[in-house]
Amino acid sequence: MSVRRRRRALEALRWASLGVAVVVLVVFLQAQRQSVDVSYGRSPSSSSAGGTTGSAGESSAASVPSVEEMTALVAADPVVRLPGSIARWNEQRVREVIGSTDVRILVAPPGLDEDERKRLRDVENATVLVVGTEVSGGFYRAVADDLPSWRAQFAVGDVTGPLLTLITALQDRPAPPDLDELTTREPTARELAVVAADLRASGLHCAAGATLTDVPAKTAKEAFPDGAWFAAFPAQRDGTPLPRYGPALAKLFPDQPIVVLHGLWIEYHGPGREDFAELVEASFYGQFADLLSRSDYPQRNALGVYLNRVTDVRYAGLFDRPLPYRPADPLRVALPALPWVFAACVAAFLALSVRSLRRAGGGLRGRIAGGPHRGGVPARLAGLTALAVEMSLLTDVRSDPALTRGIVRLQAAREALGEELPDRHVHTLLAKAANELDDAARTLGIPGYRPDIYLQGRLT
Amino acid sequence: MAQTLPIWLAGGLLLVGAGFVTTLLPRWRARDRARRTAWSTARAEIDGAAVSRDAAATRVPEAERLLNRAELIAAGRGGPAAAREAAEHARRADRLWRGQA
């Protein structure tokens, strides 16, 4: 009984190991699809691309005269400044580059609509067109591409660099080197005191002429969770040196994040400046300088987008932020062990399969050892053989054929047993042999030799 | 992960191979056994018929023809169907001779 139970347990183990192996294989294959996803969390900044710029908040009060008027103006004067225009440049350097060639510059205000810009483009005798601080001419458009140039462009409206690049490009000459045209000065103690007092009181200073009225509170909170101060100044368009409030304020409040706006130029001063300020400025102006240069946005809109960019950079993990906690993934932990679990299951399944196959093969030994429940085939064969031997002493001509046929059948049965053929087949052969012997016994007239009776006497 | 790839491949192949072997091996064995059983029966019938022929009083051409054919089939060593056919022929021949005896 225990043998059978053990055999059944082994069989269950065999199929269980196969099942585990298949499951492990499937898990392994699934794991191959897993992508590596390392995130510092999703930035809460509202769409960083649009922000509050776009069509919203753009003032388009500016306008330009008709094409004919402008053509006449440009014909009369090499440099025409339309009312409201803001661009300025280093006159001397530009004159030097122009030299004796005929270059006519038309300067228009920012914030024009598409129709007005088309009118400007139709002024054919203007070599260079400056809309806001966007410089174009012929097939070209010259843009600033580094932080000093952007600062000069947006803080004071200086377009010397792009202008020189464009003029030399139109004349197929090498461009002169970039020079920082921005002149700056330290703010006086009195100016600084006013700003500092405002900042201490409310965290916000809006100088006269600044277009910042309030700070988008939620955006500011996301960008600077510890709170930041904001100081807004108008663009310095009169050519006087720009007072650099940023460094002065940073010296005054070393641990306080301060955002300083000069016109549309936005810079950060305070803790962590070297970690991200340049990156944010470069990415912000790299993306939006084009748009800001020809449009006339209030400072608040530009600041909102700038703050969103700061939030994005913060969430990109580029400055001191601990990694978010990641619970250990059980699959990742188990993955290295899976091949070995799989190999073990395969080995177990193979071993048990071989075992079961060998057992199914059986064998004569197993059949004899199987005992009476096998039907006692060998014993019956032995008994009938003994009967045949006994009868062969007494046969006569009439019983001879039946006895011989019986012996032939017995021989076949013995061979079948030796070849390990199924019991049922051996049994059939033995039954036929017994029939023949029964025939012979009846022919002889000796009831004691009839197989049933003979075997009963033998076996009991 | 790359160095475990052979384990997966070899393991998978072994599993598939073991599946085929465990399915096919018993089937082959059973078929072989059925063939040998059928031939064992056929040989027993032929031998039995041969004894009846020797014991018969007269010749029975029909039975001889049947036994001949059975022996021919047996010499050809076919499958279980051939064995059954041979056994049937031998049995009929045996019956004919016994009727004569």
# chains A, B, ... in the order shown; residues from 1 in each chain; ligands from 1

$ closest_atom_pairs --of "chain A" --to "chain B" --cutoff "10 Å" --atoms "only C-alpha atoms" --output "CSV"
residue,atom,partner,partner_atom,distance
A:Leu18,CA,B:Leu15,CA,8.1
A:Ala21,CA,B:Leu15,CA,8.9
A:Val22,CA,B:Gly12,CA,9.0
A:Leu25,CA,B:Trp8,CA,7.7
A:Phe28,CA,B:Trp8,CA,9.2
A:Gln32,CA,B:Met1,CA,9.8
A:Leu335,CA,B:Met1,CA,9.0
A:Pro336,CA,B:Met1,CA,7.7
A:Ala337,CA,B:Thr4,CA,10.0
A:Leu338,CA,B:Thr4,CA,9.4
A:Pro339,CA,B:Ile7,CA,6.4
A:Trp340,CA,B:Ile7,CA,8.0
A:Phe342,CA,B:Gly11,CA,7.3
A:Ala343,CA,B:Gly11,CA,6.0
A:Ala344,CA,B:Gly11,CA,9.3
A:Cys345,CA,B:Gly11,CA,9.0
A:Val346,CA,B:Gly11,CA,6.2
A:Ala347,CA,B:Gly11,CA,8.4
A:Phe349,CA,B:Leu15,CA,8.1
A:Leu350,CA,B:Ala18,CA,6.6
A:Ala351,CA,B:Ala18,CA,10.0
A:Ser353,CA,B:Thr22,CA,6.9
A:Val354,CA,B:Thr22,CA,8.2
A:Ser356,CA,B:Thr22,CA,8.9
A:Leu357,CA,B:Thr22,CA,7.0
A:Ala360,CA,B:Pro26,CA,7.8
A:Gly361,CA,B:Pro26,CA,8.2
A:Val397,CA,B:Ala55,CA,9.1
A:Arg398,CA,B:Ala55,CA,9.3
A:Asp400,CA,B:Ala55,CA,8.3
A:Pro401,CA,B:Ala55,CA,6.0
A:Ala402,CA,B:Ser52,CA,8.4
A:Leu403,CA,B:Val51,CA,9.9
A:Thr404,CA,B:Val51,CA,6.9
A:Arg405,CA,B:Gly48,CA,5.3
A:Gly406,CA,B:Gly48,CA,8.2
A:Ile407,CA,B:Gly48,CA,9.3
A:Val408,CA,B:Gly48,CA,6.4
A:Arg409,CA,B:Ala44,CA,6.0
A:Leu410,CA,B:Ala44,CA,9.1
A:Gln411,CA,B:Ala44,CA,8.4
A:Ala412,CA,B:Ala44,CA,5.7
A:Ala413,CA,B:Ser40,CA,8.5
A:Glu415,CA,B:Ser40,CA,8.2
A:Ala416,CA,B:Ser40,CA,6.7
A:Glu419,CA,B:Arg36,CA,8.6
A:Glu420,CA,B:Arg33,CA,8.5
A:Leu421,CA,B:Thr37,CA,6.3
A:Pro422,CA,B:Thr37,CA,7.7
A:Arg424,CA,B:Thr37,CA,10.0
A:His425,CA,B:Thr37,CA,6.9
A:Val426,CA,B:Thr37,CA,9.0
A:Thr428,CA,B:Thr41,CA,9.2
A:Leu429,CA,B:Thr41,CA,7.7

$ write_last_selection --atoms "C-alpha atoms" --output "tab-separated table (two decimals), in the first residue's frame"
chain	number	residue	atom	x	y	z
A	18	LEU	CA	6.74	20.31	-14.94
A	21	ALA	CA	9.08	24.82	-14.80
A	22	VAL	CA	6.51	26.12	-17.28
A	25	LEU	CA	9.61	30.00	-17.99
A	28	PHE	CA	10.98	34.78	-17.28
A	32	GLN	CA	11.93	40.23	-20.72
A	335	LEU	CA	14.86	36.93	-11.43
A	336	PRO	CA	18.47	35.77	-10.93
A	337	ALA	CA	17.24	32.61	-9.19
A	338	LEU	CA	14.68	31.72	-11.86
A	339	PRO	CA	17.05	29.89	-14.25
A	340	TRP	CA	18.21	27.62	-11.47
A	342	PHE	CA	13.82	26.14	-13.84
A	343	ALA	CA	16.84	23.86	-14.27
A	344	ALA	CA	16.00	22.04	-11.04
A	345	CYS	CA	12.40	21.51	-12.13
A	346	VAL	CA	13.53	20.19	-15.51
A	347	ALA	CA	15.97	17.80	-13.85
A	349	PHE	CA	10.81	16.05	-14.25
A	350	LEU	CA	13.35	14.17	-16.35
A	351	ALA	CA	14.41	11.91	-13.48
A	353	SER	CA	9.89	10.54	-16.21
A	354	VAL	CA	12.73	8.08	-16.72
A	356	SER	CA	8.02	6.05	-14.68
A	357	LEU	CA	9.06	4.83	-18.14
A	360	ALA	CA	5.95	0.97	-17.28
A	361	GLY	CA	8.38	-1.38	-19.07
A	397	VAL	CA	-3.72	-42.85	-31.35
A	398	ARG	CA	-7.10	-41.20	-30.79
A	400	ASP	CA	-2.59	-38.10	-29.64
A	401	PRO	CA	-3.50	-35.15	-31.92
A	402	ALA	CA	-5.39	-33.28	-29.16
A	403	LEU	CA	-2.51	-33.75	-26.71
A	404	THR	CA	0.06	-32.66	-29.31
A	405	ARG	CA	-1.99	-29.61	-30.15
A	406	GLY	CA	-2.23	-28.84	-26.43
A	407	ILE	CA	1.54	-29.15	-26.06
A	408	VAL	CA	2.05	-26.89	-29.09
A	409	ARG	CA	-0.21	-24.28	-27.45
A	410	LEU	CA	1.63	-24.64	-24.16
A	411	GLN	CA	4.90	-24.05	-25.97
A	412	ALA	CA	3.47	-20.92	-27.56
A	413	ALA	CA	2.27	-19.74	-24.15
A	415	GLU	CA	7.34	-18.32	-25.44
A	416	ALA	CA	4.81	-15.54	-25.01
A	419	GLU	CA	8.76	-12.46	-24.48
A	420	GLU	CA	6.81	-10.54	-21.86
A	421	LEU	CA	3.67	-10.40	-23.95
A	422	PRO	CA	0.45	-9.31	-22.21
A	424	ARG	CA	-4.31	-11.70	-21.45
A	425	HIS	CA	-2.67	-13.17	-24.54
A	426	VAL	CA	-0.83	-15.84	-22.52
A	428	THR	CA	-5.87	-17.09	-24.10
A	429	LEU	CA	-3.16	-19.48	-25.26

$ residues_around --residues "A:Leu106" --least-positions-apart "3" --cutoff "12 Å" --atoms "only C-alpha atoms" --output "ChimeraX atom specification"
/A:64,67,70-83,85-88,103,109,120-137,163

$ residues_around --residues "B:Ala74" --least-positions-apart "6" --cutoff "10 Å" --atoms "only C-alpha atoms" --output "NGL selection string"
:B and (39 or 42-43 or 46 or 68 or 82-83 or 85-87)

$ residues_around --residues "stretch 214-219 of chain A" --least-positions-apart "6" --cutoff "8 Å" --atoms "only C-alpha atoms" --output "PDB file with C-alpha atoms, in the first residue's frame"
ATOM      1  CA  SER A  45       4.054  71.995 -14.080  1.00  0.00           C
ATOM      2  CA  LEU A 204       7.662  91.087  -4.416  1.00  0.00           C
ATOM      3  CA  PHE A 230      10.544  88.315  -7.068  1.00  0.00           C
ATOM      4  CA  ARG A 300       3.952  87.815 -15.730  1.00  0.00           C
ATOM      5  CA  LEU A 303       7.657  84.410 -15.611  1.00  0.00           C
ATOM      6  CA  GLY A 304       4.941  81.729 -15.483  1.00  0.00           C
ATOM      7  CA  LEU A 307       8.756  78.916 -13.346  1.00  0.00           C
ATOM      8  CA  ASN A 308       7.242  75.875 -15.065  1.00  0.00           C
TER       9      ASN A 308
END

$ select_by_dssp --residues "stretch 272-339 of chain A" --states "alpha helix (DSSP H)" --output "number ranges by chain"
A: 273-294, 299-315, 330-334, 338-339

$ write_last_selection --atoms "C-alpha atoms" --output "PDB file, in the first residue's frame"
ATOM      1  CA  ARG A 273      22.161  78.858  -8.578  1.00  0.00           C
ATOM      2  CA  GLU A 274      25.157  77.102 -10.086  1.00  0.00           C
ATOM      3  CA  ASP A 275      23.169  73.842 -10.181  1.00  0.00           C
ATOM      4  CA  PHE A 276      20.323  74.842 -12.404  1.00  0.00           C
ATOM      5  CA  ALA A 277      20.022  78.547 -13.180  1.00  0.00           C
ATOM      6  CA  GLU A 278      22.042  78.480 -16.392  1.00  0.00           C
ATOM      7  CA  LEU A 279      20.356  75.295 -17.509  1.00  0.00           C
ATOM      8  CA  VAL A 280      16.888  76.750 -17.042  1.00  0.00           C
ATOM      9  CA  GLU A 281      17.844  80.015 -18.731  1.00  0.00           C
ATOM     10  CA  ALA A 282      19.435  78.241 -21.682  1.00  0.00           C
ATOM     11  CA  SER A 283      16.505  75.879 -22.160  1.00  0.00           C
ATOM     12  CA  PHE A 284      13.913  78.619 -21.637  1.00  0.00           C
ATOM     13  CA  TYR A 285      15.465  81.161 -24.008  1.00  0.00           C
ATOM     14  CA  GLY A 286      16.586  78.468 -26.420  1.00  0.00           C
ATOM     15  CA  GLN A 287      12.974  77.512 -26.853  1.00  0.00           C
ATOM     16  CA  PHE A 288      11.161  80.819 -26.479  1.00  0.00           C
ATOM     17  CA  ALA A 289      13.645  83.529 -27.517  1.00  0.00           C
ATOM     18  CA  ASP A 290      12.201  83.512 -30.995  1.00  0.00           C
ATOM     19  CA  LEU A 291       8.658  84.048 -29.770  1.00  0.00           C
ATOM     20  CA  LEU A 292       9.592  86.564 -27.071  1.00  0.00           C
ATOM     21  CA  SER A 293      11.696  88.647 -29.444  1.00  0.00           C
ATOM     22  CA  ARG A 294       8.907  89.561 -31.835  1.00  0.00           C
ATOM     23  CA  GLN A 299       6.462  89.895 -17.670  1.00  0.00           C
ATOM     24  CA  ARG A 300       3.952  87.815 -15.730  1.00  0.00           C
ATOM     25  CA  ASN A 301       3.397  85.459 -18.673  1.00  0.00           C
ATOM     26  CA  ALA A 302       7.073  84.948 -19.341  1.00  0.00           C
ATOM     27  CA  LEU A 303       7.657  84.410 -15.611  1.00  0.00           C
ATOM     28  CA  GLY A 304       4.941  81.729 -15.483  1.00  0.00           C
ATOM     29  CA  VAL A 305       6.603  79.745 -18.252  1.00  0.00           C
ATOM     30  CA  TYR A 306      10.021  80.244 -16.690  1.00  0.00           C
ATOM     31  CA  LEU A 307       8.756  78.916 -13.346  1.00  0.00           C
ATOM     32  CA  ASN A 308       7.242  75.875 -15.065  1.00  0.00           C
ATOM     33  CA  ARG A 309      10.617  75.180 -16.617  1.00  0.00           C
ATOM     34  CA  VAL A 310      12.249  75.416 -13.203  1.00  0.00           C
ATOM     35  CA  THR A 311       9.709  72.881 -11.915  1.00  0.00           C
ATOM     36  CA  ASP A 312      10.458  70.545 -14.812  1.00  0.00           C
ATOM     37  CA  VAL A 313      14.179  70.725 -14.173  1.00  0.00           C
ATOM     38  CA  ARG A 314      13.589  70.157 -10.475  1.00  0.00           C
ATOM     39  CA  TYR A 315      11.563  67.055 -11.204  1.00  0.00           C
ATOM     40  CA  PRO A 330       9.861  40.824  -5.915  1.00  0.00           C
ATOM     41  CA  LEU A 331      10.217  39.799  -9.534  1.00  0.00           C
ATOM     42  CA  ARG A 332      13.507  41.676  -9.910  1.00  0.00           C
ATOM     43  CA  VAL A 333      14.773  40.076  -6.717  1.00  0.00           C
ATOM     44  CA  ALA A 334      13.732  36.598  -7.847  1.00  0.00           C
ATOM     45  CA  LEU A 338      14.679  31.721 -11.862  1.00  0.00           C
ATOM     46  CA  PRO A 339      17.053  29.888 -14.249  1.00  0.00           C
TER      47      PRO A 339
END

$ atom_distance --atom1 "atom CA of A:Gln236" --atom2 "atom CA of A:Val156"
4.6 Å

$ atom_distance --atom1 "atom CA of A:Asp145" --atom2 "atom CA of A:Ala169"
16.2 Å

$ atom_distance --atom1 "atom CA of A:Ala31" --atom2 "atom CA of A:Pro327"
17.3 Å

$ select_by_dssp --residues "stretch 142-328 of chain A" --states "strand (DSSP E or B)" --output "list of chain:residue names"
A:Ala142, A:Asp158, A:Thr184, A:Arg185, A:Leu204, A:His205, A:Cys206, A:Trp229, A:Phe230, A:Ala231, A:Ala232, A:Phe233, A:Leu242, A:Pro243, A:Ile258, A:Val259, A:Val260, A:Leu261, A:His262, A:Trp265, A:Ile266, A:Glu267, A:Tyr268, A:His269

$ decode --residues "stretch 284-430 of chain A" --atoms "C-alpha atoms" --output "PDB file, in the first residue's frame"
ATOM      1  CA  PHE A 284      13.913  78.619 -21.637  1.00  0.00           C
ATOM      2  CA  TYR A 285      15.465  81.161 -24.008  1.00  0.00           C
ATOM      3  CA  GLY A 286      16.586  78.468 -26.420  1.00  0.00           C
ATOM      4  CA  GLN A 287      12.974  77.512 -26.853  1.00  0.00           C
ATOM      5  CA  PHE A 288      11.161  80.819 -26.479  1.00  0.00           C
ATOM      6  CA  ALA A 289      13.645  83.529 -27.517  1.00  0.00           C
ATOM      7  CA  ASP A 290      12.201  83.512 -30.995  1.00  0.00           C
ATOM      8  CA  LEU A 291       8.658  84.048 -29.770  1.00  0.00           C
ATOM      9  CA  LEU A 292       9.592  86.564 -27.071  1.00  0.00           C
ATOM     10  CA  SER A 293      11.696  88.647 -29.444  1.00  0.00           C
ATOM     11  CA  ARG A 294       8.907  89.561 -31.835  1.00  0.00           C
ATOM     12  CA  SER A 295       5.986  89.624 -29.407  1.00  0.00           C
ATOM     13  CA  ASP A 296       5.146  91.933 -26.578  1.00  0.00           C
ATOM     14  CA  TYR A 297       4.317  89.750 -23.612  1.00  0.00           C
ATOM     15  CA  PRO A 298       3.789  91.059 -20.111  1.00  0.00           C
ATOM     16  CA  GLN A 299       6.462  89.895 -17.670  1.00  0.00           C
ATOM     17  CA  ARG A 300       3.952  87.815 -15.730  1.00  0.00           C
ATOM     18  CA  ASN A 301       3.397  85.459 -18.673  1.00  0.00           C
ATOM     19  CA  ALA A 302       7.073  84.948 -19.341  1.00  0.00           C
ATOM     20  CA  LEU A 303       7.657  84.410 -15.611  1.00  0.00           C
ATOM     21  CA  GLY A 304       4.941  81.729 -15.483  1.00  0.00           C
ATOM     22  CA  VAL A 305       6.603  79.745 -18.252  1.00  0.00           C
ATOM     23  CA  TYR A 306      10.021  80.244 -16.690  1.00  0.00           C
ATOM     24  CA  LEU A 307       8.756  78.916 -13.346  1.00  0.00           C
ATOM     25  CA  ASN A 308       7.242  75.875 -15.065  1.00  0.00           C
ATOM     26  CA  ARG A 309      10.617  75.180 -16.617  1.00  0.00           C
ATOM     27  CA  VAL A 310      12.249  75.416 -13.203  1.00  0.00           C
ATOM     28  CA  THR A 311       9.709  72.881 -11.915  1.00  0.00           C
ATOM     29  CA  ASP A 312      10.458  70.545 -14.812  1.00  0.00           C
ATOM     30  CA  VAL A 313      14.179  70.725 -14.173  1.00  0.00           C
ATOM     31  CA  ARG A 314      13.589  70.157 -10.475  1.00  0.00           C
ATOM     32  CA  TYR A 315      11.563  67.055 -11.204  1.00  0.00           C
ATOM     33  CA  ALA A 316      14.137  65.862 -13.675  1.00  0.00           C
ATOM     34  CA  GLY A 317      16.254  65.320 -10.587  1.00  0.00           C
ATOM     35  CA  LEU A 318      19.019  67.597 -11.713  1.00  0.00           C
ATOM     36  CA  PHE A 319      19.357  69.283  -8.403  1.00  0.00           C
ATOM     37  CA  ASP A 320      19.654  67.987  -4.923  1.00  0.00           C
ATOM     38  CA  ARG A 321      16.631  65.816  -4.553  1.00  0.00           C
ATOM     39  CA  PRO A 322      16.665  62.391  -2.972  1.00  0.00           C
ATOM     40  CA  LEU A 323      15.470  59.561  -5.185  1.00  0.00           C
ATOM     41  CA  PRO A 324      11.843  58.702  -4.535  1.00  0.00           C
ATOM     42  CA  TYR A 325      11.440  55.527  -2.518  1.00  0.00           C
ATOM     43  CA  ARG A 326      10.994  52.462  -4.699  1.00  0.00           C
ATOM     44  CA  PRO A 327       9.737  49.304  -3.038  1.00  0.00           C
ATOM     45  CA  ALA A 328      11.781  46.254  -3.937  1.00  0.00           C
ATOM     46  CA  ASP A 329      10.183  44.505  -6.875  1.00  0.00           C
ATOM     47  CA  PRO A 330       9.861  40.824  -5.915  1.00  0.00           C
ATOM     48  CA  LEU A 331      10.217  39.799  -9.534  1.00  0.00           C
ATOM     49  CA  ARG A 332      13.507  41.676  -9.910  1.00  0.00           C
ATOM     50  CA  VAL A 333      14.773  40.076  -6.717  1.00  0.00           C
ATOM     51  CA  ALA A 334      13.732  36.598  -7.847  1.00  0.00           C
ATOM     52  CA  LEU A 335      14.864  36.933 -11.433  1.00  0.00           C
ATOM     53  CA  PRO A 336      18.472  35.769 -10.930  1.00  0.00           C
ATOM     54  CA  ALA A 337      17.237  32.611  -9.194  1.00  0.00           C
ATOM     55  CA  LEU A 338      14.679  31.721 -11.862  1.00  0.00           C
ATOM     56  CA  PRO A 339      17.053  29.888 -14.249  1.00  0.00           C
ATOM     57  CA  TRP A 340      18.210  27.616 -11.466  1.00  0.00           C
ATOM     58  CA  VAL A 341      14.680  26.938 -10.257  1.00  0.00           C
ATOM     59  CA  PHE A 342      13.818  26.136 -13.844  1.00  0.00           C
ATOM     60  CA  ALA A 343      16.837  23.860 -14.271  1.00  0.00           C
ATOM     61  CA  ALA A 344      15.998  22.035 -11.036  1.00  0.00           C
ATOM     62  CA  CYS A 345      12.397  21.515 -12.130  1.00  0.00           C
ATOM     63  CA  VAL A 346      13.529  20.190 -15.508  1.00  0.00           C
ATOM     64  CA  ALA A 347      15.973  17.795 -13.847  1.00  0.00           C
ATOM     65  CA  ALA A 348      13.301  16.547 -11.434  1.00  0.00           C
ATOM     66  CA  PHE A 349      10.810  16.053 -14.246  1.00  0.00           C
ATOM     67  CA  LEU A 350      13.347  14.171 -16.349  1.00  0.00           C
ATOM     68  CA  ALA A 351      14.407  11.910 -13.482  1.00  0.00           C
ATOM     69  CA  LEU A 352      10.825  11.079 -12.552  1.00  0.00           C
ATOM     70  CA  SER A 353       9.892  10.541 -16.214  1.00  0.00           C
ATOM     71  CA  VAL A 354      12.726   8.079 -16.717  1.00  0.00           C
ATOM     72  CA  ARG A 355      11.623   6.316 -13.560  1.00  0.00           C
ATOM     73  CA  SER A 356       8.024   6.053 -14.682  1.00  0.00           C
ATOM     74  CA  LEU A 357       9.060   4.833 -18.140  1.00  0.00           C
ATOM     75  CA  ARG A 358      11.239   2.115 -16.682  1.00  0.00           C
ATOM     76  CA  ARG A 359       8.437   1.027 -14.414  1.00  0.00           C
ATOM     77  CA  ALA A 360       5.947   0.967 -17.275  1.00  0.00           C
ATOM     78  CA  GLY A 361       8.378  -1.376 -19.067  1.00  0.00           C
ATOM     79  CA  GLY A 362       7.692  -3.810 -16.255  1.00  0.00           C
ATOM     80  CA  GLY A 363       9.471  -7.109 -16.761  1.00  0.00           C
ATOM     81  CA  LEU A 364       9.089 -10.778 -15.972  1.00  0.00           C
ATOM     82  CA  ARG A 365      10.455 -10.254 -12.515  1.00  0.00           C
ATOM     83  CA  GLY A 366       7.817  -7.694 -11.751  1.00  0.00           C
ATOM     84  CA  ARG A 367       5.117 -10.017 -13.057  1.00  0.00           C
ATOM     85  CA  ILE A 368       6.157 -12.948 -10.877  1.00  0.00           C
ATOM     86  CA  ALA A 369       6.644 -10.624  -7.956  1.00  0.00           C
ATOM     87  CA  GLY A 370       3.176  -9.293  -8.741  1.00  0.00           C
ATOM     88  CA  GLY A 371       1.785 -12.492  -7.182  1.00  0.00           C
ATOM     89  CA  PRO A 372      -1.710 -13.916  -7.316  1.00  0.00           C
ATOM     90  CA  HIS A 373      -3.418 -10.769  -8.551  1.00  0.00           C
ATOM     91  CA  ARG A 374      -1.574 -11.310 -11.825  1.00  0.00           C
ATOM     92  CA  GLY A 375      -3.851 -14.295 -12.419  1.00  0.00           C
ATOM     93  CA  GLY A 376      -1.200 -16.899 -11.542  1.00  0.00           C
ATOM     94  CA  VAL A 377      -0.266 -17.284 -15.191  1.00  0.00           C
ATOM     95  CA  PRO A 378       3.151 -18.937 -14.606  1.00  0.00           C
ATOM     96  CA  ALA A 379       1.607 -21.350 -12.056  1.00  0.00           C
ATOM     97  CA  ARG A 380      -1.134 -22.305 -14.473  1.00  0.00           C
ATOM     98  CA  LEU A 381       1.431 -22.861 -17.220  1.00  0.00           C
ATOM     99  CA  ALA A 382       3.456 -25.082 -14.907  1.00  0.00           C
ATOM    100  CA  GLY A 383       0.377 -27.037 -13.862  1.00  0.00           C
ATOM    101  CA  LEU A 384      -0.823 -27.635 -17.424  1.00  0.00           C
ATOM    102  CA  THR A 385       2.702 -28.623 -18.508  1.00  0.00           C
ATOM    103  CA  ALA A 386       2.867 -31.179 -15.719  1.00  0.00           C
ATOM    104  CA  LEU A 387      -0.552 -32.512 -16.772  1.00  0.00           C
ATOM    105  CA  ALA A 388       0.611 -32.800 -20.393  1.00  0.00           C
ATOM    106  CA  VAL A 389       3.702 -34.762 -19.317  1.00  0.00           C
ATOM    107  CA  GLU A 390       1.590 -37.126 -17.232  1.00  0.00           C
ATOM    108  CA  MET A 391      -0.929 -37.613 -20.029  1.00  0.00           C
ATOM    109  CA  SER A 392       1.791 -38.281 -22.624  1.00  0.00           C
ATOM    110  CA  LEU A 393       2.534 -41.568 -20.856  1.00  0.00           C
ATOM    111  CA  LEU A 394      -1.015 -42.796 -21.430  1.00  0.00           C
ATOM    112  CA  THR A 395      -1.982 -41.494 -24.836  1.00  0.00           C
ATOM    113  CA  ASP A 396      -3.214 -43.580 -27.680  1.00  0.00           C
ATOM    114  CA  VAL A 397      -3.720 -42.850 -31.347  1.00  0.00           C
ATOM    115  CA  ARG A 398      -7.105 -41.201 -30.792  1.00  0.00           C
ATOM    116  CA  SER A 399      -5.993 -38.792 -28.113  1.00  0.00           C
ATOM    117  CA  ASP A 400      -2.591 -38.102 -29.642  1.00  0.00           C
ATOM    118  CA  PRO A 401      -3.500 -35.151 -31.917  1.00  0.00           C
ATOM    119  CA  ALA A 402      -5.387 -33.283 -29.164  1.00  0.00           C
ATOM    120  CA  LEU A 403      -2.512 -33.754 -26.710  1.00  0.00           C
ATOM    121  CA  THR A 404       0.060 -32.659 -29.308  1.00  0.00           C
ATOM    122  CA  ARG A 405      -1.987 -29.607 -30.152  1.00  0.00           C
ATOM    123  CA  GLY A 406      -2.226 -28.840 -26.433  1.00  0.00           C
ATOM    124  CA  ILE A 407       1.535 -29.154 -26.064  1.00  0.00           C
ATOM    125  CA  VAL A 408       2.047 -26.886 -29.087  1.00  0.00           C
ATOM    126  CA  ARG A 409      -0.209 -24.284 -27.447  1.00  0.00           C
ATOM    127  CA  LEU A 410       1.631 -24.638 -24.155  1.00  0.00           C
ATOM    128  CA  GLN A 411       4.901 -24.047 -25.969  1.00  0.00           C
ATOM    129  CA  ALA A 412       3.473 -20.920 -27.559  1.00  0.00           C
ATOM    130  CA  ALA A 413       2.268 -19.735 -24.155  1.00  0.00           C
ATOM    131  CA  ARG A 414       5.723 -20.313 -22.663  1.00  0.00           C
ATOM    132  CA  GLU A 415       7.344 -18.324 -25.445  1.00  0.00           C
ATOM    133  CA  ALA A 416       4.806 -15.544 -25.013  1.00  0.00           C
ATOM    134  CA  LEU A 417       5.538 -15.416 -21.294  1.00  0.00           C
ATOM    135  CA  GLY A 418       9.235 -15.327 -22.048  1.00  0.00           C
ATOM    136  CA  GLU A 419       8.758 -12.457 -24.477  1.00  0.00           C
ATOM    137  CA  GLU A 420       6.813 -10.544 -21.859  1.00  0.00           C
ATOM    138  CA  LEU A 421       3.669 -10.404 -23.946  1.00  0.00           C
ATOM    139  CA  PRO A 422       0.450  -9.309 -22.212  1.00  0.00           C
ATOM    140  CA  ASP A 423      -1.030 -11.628 -19.607  1.00  0.00           C
ATOM    141  CA  ARG A 424      -4.307 -11.703 -21.449  1.00  0.00           C
ATOM    142  CA  HIS A 425      -2.670 -13.166 -24.542  1.00  0.00           C
ATOM    143  CA  VAL A 426      -0.835 -15.841 -22.519  1.00  0.00           C
ATOM    144  CA  HIS A 427      -4.093 -16.551 -20.780  1.00  0.00           C
ATOM    145  CA  THR A 428      -5.868 -17.089 -24.102  1.00  0.00           C
ATOM    146  CA  LEU A 429      -3.161 -19.481 -25.256  1.00  0.00           C
ATOM    147  CA  LEU A 430      -3.349 -21.375 -21.969  1.00  0.00           C
TER     148      LEU A 430
END
